[in-house]
Amino acid sequence: MEESSEMVPDADRRNSRAMDLKKLLHAALALSAILPFATGQSSKNPPDLTGVWSPLRATGEYAKFAPPAAGPLVLKPEYSKPYEARRAMEAEASKRGEPLATGGAQCIPYGVPTMMRIASYPVEILQMPKQITIIGEAFSEVRRVFMDKPQAPVDDVAPGYYGRSAGHWDGDTLVVDTIGIKPSVNGYLGMPHSEKMRVTERLKLLAPDVLHDQITIEDPVVLEKPVTYTLAFRRLPDYEMVEFVCDNNREYVDEKGIVRMRVKGQ
Amino acid sequence: MKPRLLNVLALAMLLAISAQAHHSFTMFDMTKQVTIVGTVTGFEWTNPHCYIEIDVPNESGATKHFSIEMGSPSILQQGGWKFSSLKKGDKATLIINPHKSEPGGGFLFSATLPDGRILGNGPGRGPQK
C-alpha cells in the first residue's frame, strides 16, 4: 500500500508534466497557424492549396502579384529552325483568317504543363496527404500528384498527356516533378519536346488567395537550356466548377490542314 | 468609329486571354459587325462552344439560316447567360462578326433577348449583364 501511495504523487507529477506538454503543443500549433506567411511553413504542416484557382490578372490590388517574366526559350539548332518556320507559318495563316489545325481545335486535351493555363478557365486543386489532384475546367483534364511515392525512372513511364507526377513539400512550397509526356502533346509555346522532357513545378501561396506555379521545363534532347515561366492564380472561393465535355465541336480540319467552321444545314 | 474601336479593343483582350484557347478566332472578321434579326431554331449550351441557330428572313421573304458561335458555358455564365436564356421560337437580335469564308457562320458580339436584356459573349466581349 505504501508503494501505491507513493505512486500517486508520481502519477500526478507525470500528469502535470503531460498537461504542460499539451499546453506547449497547443501554443505551438496556434503559433504555426498564425505564422506561416511570416516565417515559412514546415513540410509537416503544409499550406492547404485545396480550392478553385482562376488565372490572375495582375492589375489593381493584384498588381504586386504579377509573375516574373518568362525566361527565354532556347532550342537546340536542329529544332530551332523548324520551330521558327512553323510559328511563322501559323502566324501567316492566322493573319489570312485560315488558322492551321491545332490539337485544341480538334478537342484533343492539352496535357502537362499547358493545361495549367487555358484561356481564362480555372483549375481546381484537391489536396489530400497522399495525393494532390488538379482538375482543369477546360476539357476536364485531370492530373494526380503522388505525395507518398518516389518518382519512377523516365523509361518506365508510359508516355501520355499527364505523365507521372511525384510531389513533395519543400517548406511551404509544393514541388511537383512530372515525366512521361508524349512528344505529340502540345508543348510550351508550341515547342517540340522529347520523351525525356521533365517538368518541375513549384507551387507557392503568396497570400491566402494568391498562388504562383513556377514551371521549369528541361529536355536534354530539344532544349539548349531549361526554360522557366510562372503562372499566377487567384482563389475563387465560391466557384462551382463547370463540366466540359467536348461533344459539339463544329470546327473541323480541311484537307489543307486549315480549321473551318461547320454551319448547320449546309 | 467608336463601336469599331471598342470591338477591336475587345478582340485584343480576347486574344490576350486566349493564349491557349480552343481555336484561333481569326476565321471571323473582327473588324466588321453585322446585325441579324430572326427566329431562334436552337440554342446549344455545349462545349467547346455554345451556338445560336437562327433563321433570318430577308427583304424578298426568303429565309437564311445562321449558326452563330459563342464562348463556352463556363465563359458565358460569367456574362450572365444561362442554358435557358434562349429557346426555340424566340425572336432575337444578334450582332455578329461574320465568318470570313462561311456565309452562314459568325461569332457573337452581343444578343438582345426576348425580355430586352442585352448580353455579350463572355468577359471582355460585348455588353455585360
# chains A, B, ... in the order shown; residues from 1 in each chain; ligands from 1
$ select_by_dssp --residues "chain B" --states "alpha helix (DSSP H)" --output "PyMOL selection string"
chain B and resi 2-17+73-77
$ write_last_selection --atoms "C-alpha atoms" --output "PDB file, in the first residue's frame"
ATOM      1  CA  LYS B   2     -16.300  54.349 -81.565  1.00  0.00           C
ATOM      2  CA  PRO B   3     -18.100  50.988 -81.646  1.00  0.00           C
ATOM      3  CA  ARG B   4     -15.454  49.652 -84.027  1.00  0.00           C
ATOM      4  CA  LEU B   5     -12.645  50.810 -81.740  1.00  0.00           C
ATOM      5  CA  LEU B   6     -14.366  49.131 -78.792  1.00  0.00           C
ATOM      6  CA  ASN B   7     -14.728  45.984 -80.817  1.00  0.00           C
ATOM      7  CA  VAL B   8     -11.035  45.985 -81.677  1.00  0.00           C
ATOM      8  CA  LEU B   9     -10.182  46.542 -78.021  1.00  0.00           C
ATOM      9  CA  ALA B  10     -12.484  43.694 -77.019  1.00  0.00           C
ATOM     10  CA  LEU B  11     -10.770  41.482 -79.577  1.00  0.00           C
ATOM     11  CA  ALA B  12      -7.354  42.446 -78.272  1.00  0.00           C
ATOM     12  CA  MET B  13      -8.483  41.486 -74.759  1.00  0.00           C
ATOM     13  CA  LEU B  14      -9.974  38.250 -76.023  1.00  0.00           C
ATOM     14  CA  LEU B  15      -6.778  37.341 -77.826  1.00  0.00           C
ATOM     15  CA  ALA B  16      -4.708  38.297 -74.800  1.00  0.00           C
ATOM     16  CA  ILE B  17      -6.581  35.898 -72.551  1.00  0.00           C
ATOM     17  CA  PRO B  73     -20.856  27.623 -70.933  1.00  0.00           C
ATOM     18  CA  SER B  74     -18.146  28.444 -68.354  1.00  0.00           C
ATOM     19  CA  ILE B  75     -17.194  31.676 -70.129  1.00  0.00           C
ATOM     20  CA  LEU B  76     -20.769  32.702 -70.972  1.00  0.00           C
ATOM     21  CA  GLN B  77     -22.139  32.253 -67.453  1.00  0.00           C
TER      22      GLN B  77
END
$ closest_atom_pairs --of "chain A" --to "chain B" --cutoff "8 Å" --atoms "only C-alpha atoms" --output "CSV"
residue,atom,partner,partner_atom,distance
A:Ser94,CA,B:Thr26,CA,5.8
A:Lys95,CA,B:Thr26,CA,6.8
A:Arg96,CA,B:Thr26,CA,7.7
A:Gly97,CA,B:Met27,CA,4.3
A:Glu98,CA,B:Met27,CA,5.8
A:Pro99,CA,B:Ser24,CA,6.3
A:Thr102,CA,B:His23,CA,7.4
A:Gly104,CA,B:His22,CA,4.9
A:Ala105,CA,B:His23,CA,4.9
A:Cys107,CA,B:His22,CA,7.4
A:Arg117,CA,B:Gln20,CA,7.3
A:Ile118,CA,B:Gln20,CA,5.1
A:Ala119,CA,B:Ser18,CA,4.3
A:Ser120,CA,B:Ile17,CA,6.2
A:Tyr121,CA,B:Ser74,CA,7.7
A:Val242,CA,B:Ser74,CA,6.0
A:Phe244,CA,B:Asn47,CA,6.0
A:Val245,CA,B:Asn47,CA,5.9
A:Cys246,CA,B:Asn47,CA,4.8
A:Asp247,CA,B:Asn47,CA,6.3
A:Asn248,CA,B:Asn47,CA,5.8
A:Asn249,CA,B:Pro48,CA,6.1
A:Arg260,CA,B:Met27,CA,7.7
A:Met261,CA,B:Gly105,CA,7.4
A:Arg262,CA,B:Gly105,CA,7.9
A:Val263,CA,B:Ser67,CA,5.4
A:Lys264,CA,B:Ser67,CA,6.2
A:Gly265,CA,B:His65,CA,7.6
$ select_by_dssp --residues "segment 43-108 of chain A" --states "strand (DSSP E or B)" --output "count of residues only"
7
$ residues_around --residues "Ile132 of chain A" --least-positions-apart "5" --cutoff "9 Å" --atoms "only C-alpha atoms" --output "PyMOL selection string"
chain A and resi 50+125-127+143-147+167
$ write_last_selection --atoms "N, CA and C atoms" --output "PDB file, in the first residue's frame"
ATOM      1  N   THR A  50      -6.131  23.418 -51.444  1.00  0.00           N
ATOM      2  CA  THR A  50      -7.450  22.994 -51.920  1.00  0.00           C
ATOM      3  C   THR A  50      -8.307  24.208 -52.284  1.00  0.00           C
ATOM      4  N   ILE A 125      -7.793  22.471 -57.245  1.00  0.00           N
ATOM      5  CA  ILE A 125      -6.795  21.636 -56.562  1.00  0.00           C
ATOM      6  C   ILE A 125      -7.474  20.957 -55.371  1.00  0.00           C
ATOM      7  N   LEU A 126      -7.334  19.641 -55.293  1.00  0.00           N
ATOM      8  CA  LEU A 126      -7.876  18.878 -54.170  1.00  0.00           C
ATOM      9  C   LEU A 126      -6.688  18.245 -53.456  1.00  0.00           C
ATOM     10  N   GLN A 127      -6.411  18.721 -52.256  1.00  0.00           N
ATOM     11  CA  GLN A 127      -5.196  18.298 -51.556  1.00  0.00           C
ATOM     12  C   GLN A 127      -5.504  17.278 -50.456  1.00  0.00           C
ATOM     13  N   ARG A 143      -4.978  15.723 -63.359  1.00  0.00           N
ATOM     14  CA  ARG A 143      -3.615  15.291 -63.016  1.00  0.00           C
ATOM     15  C   ARG A 143      -3.613  14.759 -61.597  1.00  0.00           C
ATOM     16  N   ARG A 144      -2.816  13.761 -61.366  1.00  0.00           N
ATOM     17  CA  ARG A 144      -2.677  13.229 -59.999  1.00  0.00           C
ATOM     18  C   ARG A 144      -1.218  13.331 -59.584  1.00  0.00           C
ATOM     19  N   VAL A 145      -0.996  13.946 -58.446  1.00  0.00           N
ATOM     20  CA  VAL A 145       0.366  14.105 -57.929  1.00  0.00           C
ATOM     21  C   VAL A 145       0.501  13.196 -56.716  1.00  0.00           C
ATOM     22  N   PHE A 146       1.349  12.174 -56.827  1.00  0.00           N
ATOM     23  CA  PHE A 146       1.531  11.227 -55.721  1.00  0.00           C
ATOM     24  C   PHE A 146       2.520  11.816 -54.725  1.00  0.00           C
ATOM     25  N   MET A 147       2.076  11.909 -53.464  1.00  0.00           N
ATOM     26  CA  MET A 147       2.893  12.546 -52.434  1.00  0.00           C
ATOM     27  C   MET A 147       3.660  11.533 -51.596  1.00  0.00           C
ATOM     28  N   GLY A 167       5.221  14.334 -55.952  1.00  0.00           N
ATOM     29  CA  GLY A 167       5.335  15.631 -55.284  1.00  0.00           C
ATOM     30  C   GLY A 167       5.916  15.516 -53.891  1.00  0.00           C
TER      31      GLY A 167
END
$ residues_around --residues "segment 199-209 of chain A" --least-positions-apart "4" --cutoff "7 Å" --atoms "only C-alpha atoms" --output "list in words"
Asp172, Thr173, Leu174, Val175, Val176, Asp177, Thr178, Ile179, Asp213, Gln214, Ile215, Thr216, Ile217, Glu218, Arg234 and Arg235 of chain A
$ write_last_selection --atoms "N, CA and C atoms" --output "JSON list (two decimals), in the first residue's frame"
[["chain", "number", "residue", "atom", "x", "y", "z"],
["A", 172, "ASP", "N", 7.20, 25.56, -47.44],
["A", 172, "ASP", "CA", 5.82, 25.92, -47.77],
["A", 172, "ASP", "C", 5.54, 25.80, -49.27],
["A", 173, "THR", "N", 6.46, 25.21, -50.02],
["A", 173, "THR", "CA", 6.31, 25.12, -51.47],
["A", 173, "THR", "C", 6.06, 23.68, -51.89],
["A", 174, "LEU", "N", 5.02, 23.49, -52.70],
["A", 174, "LEU", "CA", 4.75, 22.17, -53.25],
["A", 174, "LEU", "C", 5.59, 21.99, -54.51],
["A", 175, "VAL", "N", 6.44, 20.98, -54.50],
["A", 175, "VAL", "CA", 7.29, 20.72, -55.66],
["A", 175, "VAL", "C", 6.73, 19.49, -56.38],
["A", 176, "VAL", "N", 6.43, 19.66, -57.66],
["A", 176, "VAL", "CA", 5.85, 18.56, -58.44],
["A", 176, "VAL", "C", 6.77, 18.24, -59.61],
["A", 177, "ASP", "N", 7.15, 16.98, -59.65],
["A", 177, "ASP", "CA", 8.05, 16.51, -60.71],
["A", 177, "ASP", "C", 7.23, 15.65, -61.67],
["A", 178, "THR", "N", 7.20, 16.02, -62.95],
["A", 178, "THR", "CA", 6.40, 15.27, -63.92],
["A", 178, "THR", "C", 7.27, 14.78, -65.06],
["A", 179, "ILE", "N", 7.14, 13.49, -65.37],
["A", 179, "ILE", "CA", 7.82, 12.91, -66.54],
["A", 179, "ILE", "C", 6.80, 12.08, -67.31],
["A", 213, "ASP", "N", 2.56, 29.28, -59.73],
["A", 213, "ASP", "CA", 3.07, 27.99, -60.17],
["A", 213, "ASP", "C", 4.26, 28.28, -61.09],
["A", 214, "GLN", "N", 5.45, 28.09, -60.54],
["A", 214, "GLN", "CA", 6.67, 28.31, -61.34],
["A", 214, "GLN", "C", 6.99, 27.00, -62.07],
["A", 215, "ILE", "N", 7.01, 27.06, -63.38],
["A", 215, "ILE", "CA", 7.15, 25.85, -64.20],
["A", 215, "ILE", "C", 8.50, 25.88, -64.92],
["A", 216, "THR", "N", 9.28, 24.83, -64.69],
["A", 216, "THR", "CA", 10.57, 24.72, -65.38],
["A", 216, "THR", "C", 10.55, 23.48, -66.26],
["A", 217, "ILE", "N", 10.88, 23.67, -67.52],
["A", 217, "ILE", "CA", 10.90, 22.54, -68.46],
["A", 217, "ILE", "C", 12.34, 22.24, -68.84],
["A", 218, "GLU", "N", 12.71, 20.99, -68.64],
["A", 218, "GLU", "CA", 14.04, 20.53, -69.07],
["A", 218, "GLU", "C", 13.83, 19.48, -70.15],
["A", 234, "ARG", "N", -5.62, 33.34, -58.79],
["A", 234, "ARG", "CA", -6.38, 33.97, -57.71],
["A", 234, "ARG", "C", -7.46, 32.98, -57.27],
["A", 235, "ARG", "N", -7.67, 32.87, -55.96],
["A", 235, "ARG", "CA", -8.67, 31.92, -55.45],
["A", 235, "ARG", "C", -10.09, 32.41, -55.76]]
$ closest_residue --among "B:Ile36, B:Leu86, B:Val56, B:Met70" --to "Phe109 of chain B" --atoms "only C-alpha atoms"
B:Met70
$ residues_around --residues "Pro67 of chain A" --least-positions-apart "4" --cutoff "9 Å" --atoms "only C-alpha atoms" --output "ChimeraX atom specification"
/A:58,212,214,229-232
$ write_last_selection --atoms "C-alpha atoms" --output "mmCIF file, in the first residue's frame"
data_model
loop_
_atom_site.group_PDB
_atom_site.id
_atom_site.type_symbol
_atom_site.label_atom_id
_atom_site.label_comp_id
_atom_site.auth_asym_id
_atom_site.auth_seq_id
_atom_site.Cartn_x
_atom_site.Cartn_y
_atom_site.Cartn_z
ATOM 1 C CA ALA A 58 -2.139 41.383 -62.253
ATOM 2 C CA HIS A 212 2.105 31.051 -58.147
ATOM 3 C CA GLN A 214 6.669 28.307 -61.344
ATOM 4 C CA TYR A 229 7.822 30.606 -66.642
ATOM 5 C CA THR A 230 5.379 31.374 -63.846
ATOM 6 C CA LEU A 231 1.597 31.316 -63.781
ATOM 7 C CA ALA A 232 -0.322 33.376 -61.226
#
$ decode --residues "segment 124-225 of chain A" --atoms "C-alpha atoms" --output "PDB file, in the first residue's frame"
ATOM      1  CA  GLU A 124      -9.290  23.064 -59.055  1.00  0.00           C
ATOM      2  CA  ILE A 125      -6.795  21.636 -56.562  1.00  0.00           C
ATOM      3  CA  LEU A 126      -7.876  18.878 -54.170  1.00  0.00           C
ATOM      4  CA  GLN A 127      -5.196  18.298 -51.556  1.00  0.00           C
ATOM      5  CA  MET A 128      -5.013  15.086 -49.559  1.00  0.00           C
ATOM      6  CA  PRO A 129      -1.939  13.897 -47.641  1.00  0.00           C
ATOM      7  CA  LYS A 130      -1.061  11.122 -50.097  1.00  0.00           C
ATOM      8  CA  GLN A 131      -2.353  12.636 -53.341  1.00  0.00           C
ATOM      9  CA  ILE A 132      -2.955  16.075 -54.766  1.00  0.00           C
ATOM     10  CA  THR A 133      -5.383  16.146 -57.667  1.00  0.00           C
ATOM     11  CA  ILE A 134      -5.528  19.014 -60.148  1.00  0.00           C
ATOM     12  CA  ILE A 135      -8.563  19.372 -62.416  1.00  0.00           C
ATOM     13  CA  GLY A 136      -8.530  21.806 -65.323  1.00  0.00           C
ATOM     14  CA  GLU A 137     -12.023  23.062 -66.138  1.00  0.00           C
ATOM     15  CA  ALA A 138     -11.307  23.327 -69.877  1.00  0.00           C
ATOM     16  CA  PHE A 139     -11.617  19.820 -71.303  1.00  0.00           C
ATOM     17  CA  SER A 140     -11.991  18.408 -67.727  1.00  0.00           C
ATOM     18  CA  GLU A 141      -8.311  17.463 -67.619  1.00  0.00           C
ATOM     19  CA  VAL A 142      -7.103  15.613 -64.507  1.00  0.00           C
ATOM     20  CA  ARG A 143      -3.615  15.291 -63.016  1.00  0.00           C
ATOM     21  CA  ARG A 144      -2.677  13.229 -59.999  1.00  0.00           C
ATOM     22  CA  VAL A 145       0.366  14.105 -57.929  1.00  0.00           C
ATOM     23  CA  PHE A 146       1.531  11.227 -55.721  1.00  0.00           C
ATOM     24  CA  MET A 147       2.893  12.546 -52.434  1.00  0.00           C
ATOM     25  CA  ASP A 148       3.926   9.262 -50.831  1.00  0.00           C
ATOM     26  CA  LYS A 149       5.731   7.525 -53.679  1.00  0.00           C
ATOM     27  CA  PRO A 150       9.102   8.138 -55.285  1.00  0.00           C
ATOM     28  CA  GLN A 151       9.302   9.144 -58.941  1.00  0.00           C
ATOM     29  CA  ALA A 152       9.793   6.341 -61.447  1.00  0.00           C
ATOM     30  CA  PRO A 153      12.671   6.245 -63.942  1.00  0.00           C
ATOM     31  CA  VAL A 154      11.663   8.102 -67.115  1.00  0.00           C
ATOM     32  CA  ASP A 155      11.976   4.932 -69.210  1.00  0.00           C
ATOM     33  CA  ASP A 156       9.402   3.164 -67.004  1.00  0.00           C
ATOM     34  CA  VAL A 157       6.565   5.641 -67.543  1.00  0.00           C
ATOM     35  CA  ALA A 158       4.202   5.062 -70.461  1.00  0.00           C
ATOM     36  CA  PRO A 159       4.152   8.363 -72.385  1.00  0.00           C
ATOM     37  CA  GLY A 160       0.808  10.141 -72.095  1.00  0.00           C
ATOM     38  CA  TYR A 161      -0.858  13.534 -71.652  1.00  0.00           C
ATOM     39  CA  TYR A 162      -0.276  13.873 -67.898  1.00  0.00           C
ATOM     40  CA  GLY A 163       2.674  11.526 -67.418  1.00  0.00           C
ATOM     41  CA  ARG A 164       3.529  10.621 -63.854  1.00  0.00           C
ATOM     42  CA  SER A 165       3.791  13.258 -61.153  1.00  0.00           C
ATOM     43  CA  ALA A 166       5.528  12.818 -57.805  1.00  0.00           C
ATOM     44  CA  GLY A 167       5.335  15.631 -55.284  1.00  0.00           C
ATOM     45  CA  HIS A 168       6.876  16.715 -52.007  1.00  0.00           C
ATOM     46  CA  TRP A 169       6.856  19.765 -49.777  1.00  0.00           C
ATOM     47  CA  ASP A 170       9.915  21.968 -49.676  1.00  0.00           C
ATOM     48  CA  GLY A 171       8.954  24.079 -46.677  1.00  0.00           C
ATOM     49  CA  ASP A 172       5.822  25.918 -47.770  1.00  0.00           C
ATOM     50  CA  THR A 173       6.310  25.121 -51.474  1.00  0.00           C
ATOM     51  CA  LEU A 174       4.753  22.167 -53.246  1.00  0.00           C
ATOM     52  CA  VAL A 175       7.291  20.717 -55.658  1.00  0.00           C
ATOM     53  CA  VAL A 176       5.848  18.563 -58.437  1.00  0.00           C
ATOM     54  CA  ASP A 177       8.049  16.513 -60.714  1.00  0.00           C
ATOM     55  CA  THR A 178       6.398  15.267 -63.919  1.00  0.00           C
ATOM     56  CA  ILE A 179       7.824  12.908 -66.535  1.00  0.00           C
ATOM     57  CA  GLY A 180       6.297  10.761 -69.277  1.00  0.00           C
ATOM     58  CA  ILE A 181       4.677  13.359 -71.531  1.00  0.00           C
ATOM     59  CA  LYS A 182       4.466  12.033 -75.060  1.00  0.00           C
ATOM     60  CA  PRO A 183       6.074  14.119 -77.776  1.00  0.00           C
ATOM     61  CA  SER A 184       2.783  14.632 -79.670  1.00  0.00           C
ATOM     62  CA  VAL A 185       1.340  16.549 -76.688  1.00  0.00           C
ATOM     63  CA  ASN A 186       1.354  20.288 -77.326  1.00  0.00           C
ATOM     64  CA  GLY A 187       4.476  21.830 -75.761  1.00  0.00           C
ATOM     65  CA  TYR A 188       5.005  25.202 -74.086  1.00  0.00           C
ATOM     66  CA  LEU A 189       4.544  27.897 -76.787  1.00  0.00           C
ATOM     67  CA  GLY A 190       4.181  25.053 -79.264  1.00  0.00           C
ATOM     68  CA  MET A 191       7.772  23.884 -78.633  1.00  0.00           C
ATOM     69  CA  PRO A 192       8.691  20.358 -79.674  1.00  0.00           C
ATOM     70  CA  HIS A 193       9.777  18.021 -76.903  1.00  0.00           C
ATOM     71  CA  SER A 194      11.112  14.507 -76.452  1.00  0.00           C
ATOM     72  CA  GLU A 195      10.088  11.677 -74.144  1.00  0.00           C
ATOM     73  CA  LYS A 196      12.897  12.837 -71.870  1.00  0.00           C
ATOM     74  CA  MET A 197      11.123  16.107 -71.038  1.00  0.00           C
ATOM     75  CA  ARG A 198      10.912  16.798 -67.312  1.00  0.00           C
ATOM     76  CA  VAL A 199       8.549  19.407 -65.865  1.00  0.00           C
ATOM     77  CA  THR A 200       9.264  20.728 -62.373  1.00  0.00           C
ATOM     78  CA  GLU A 201       6.662  22.938 -60.759  1.00  0.00           C
ATOM     79  CA  ARG A 202       6.955  24.948 -57.576  1.00  0.00           C
ATOM     80  CA  LEU A 203       3.535  25.967 -56.251  1.00  0.00           C
ATOM     81  CA  LYS A 204       3.548  28.557 -53.510  1.00  0.00           C
ATOM     82  CA  LEU A 205       0.934  30.745 -51.845  1.00  0.00           C
ATOM     83  CA  LEU A 206       1.969  34.400 -51.972  1.00  0.00           C
ATOM     84  CA  ALA A 207      -1.083  35.342 -49.952  1.00  0.00           C
ATOM     85  CA  PRO A 208      -4.001  33.224 -48.711  1.00  0.00           C
ATOM     86  CA  ASP A 209      -5.801  33.776 -52.040  1.00  0.00           C
ATOM     87  CA  VAL A 210      -2.873  34.095 -54.462  1.00  0.00           C
ATOM     88  CA  LEU A 211      -0.915  31.151 -55.876  1.00  0.00           C
ATOM     89  CA  HIS A 212       2.105  31.051 -58.147  1.00  0.00           C
ATOM     90  CA  ASP A 213       3.072  27.986 -60.172  1.00  0.00           C
ATOM     91  CA  GLN A 214       6.669  28.307 -61.344  1.00  0.00           C
ATOM     92  CA  ILE A 215       7.151  25.848 -64.197  1.00  0.00           C
ATOM     93  CA  THR A 216      10.572  24.723 -65.382  1.00  0.00           C
ATOM     94  CA  ILE A 217      10.899  22.545 -68.462  1.00  0.00           C
ATOM     95  CA  GLU A 218      14.039  20.531 -69.073  1.00  0.00           C
ATOM     96  CA  ASP A 219      14.603  18.484 -72.193  1.00  0.00           C
ATOM     97  CA  PRO A 220      18.143  17.252 -72.870  1.00  0.00           C
ATOM     98  CA  VAL A 221      17.209  16.351 -76.454  1.00  0.00           C
ATOM     99  CA  VAL A 222      15.389  19.519 -77.587  1.00  0.00           C
ATOM    100  CA  LEU A 223      16.341  22.369 -75.268  1.00  0.00           C
ATOM    101  CA  GLU A 224      19.690  24.108 -75.098  1.00  0.00           C
ATOM    102  CA  LYS A 225      18.866  25.082 -71.504  1.00  0.00           C
TER     103      LYS A 225
END
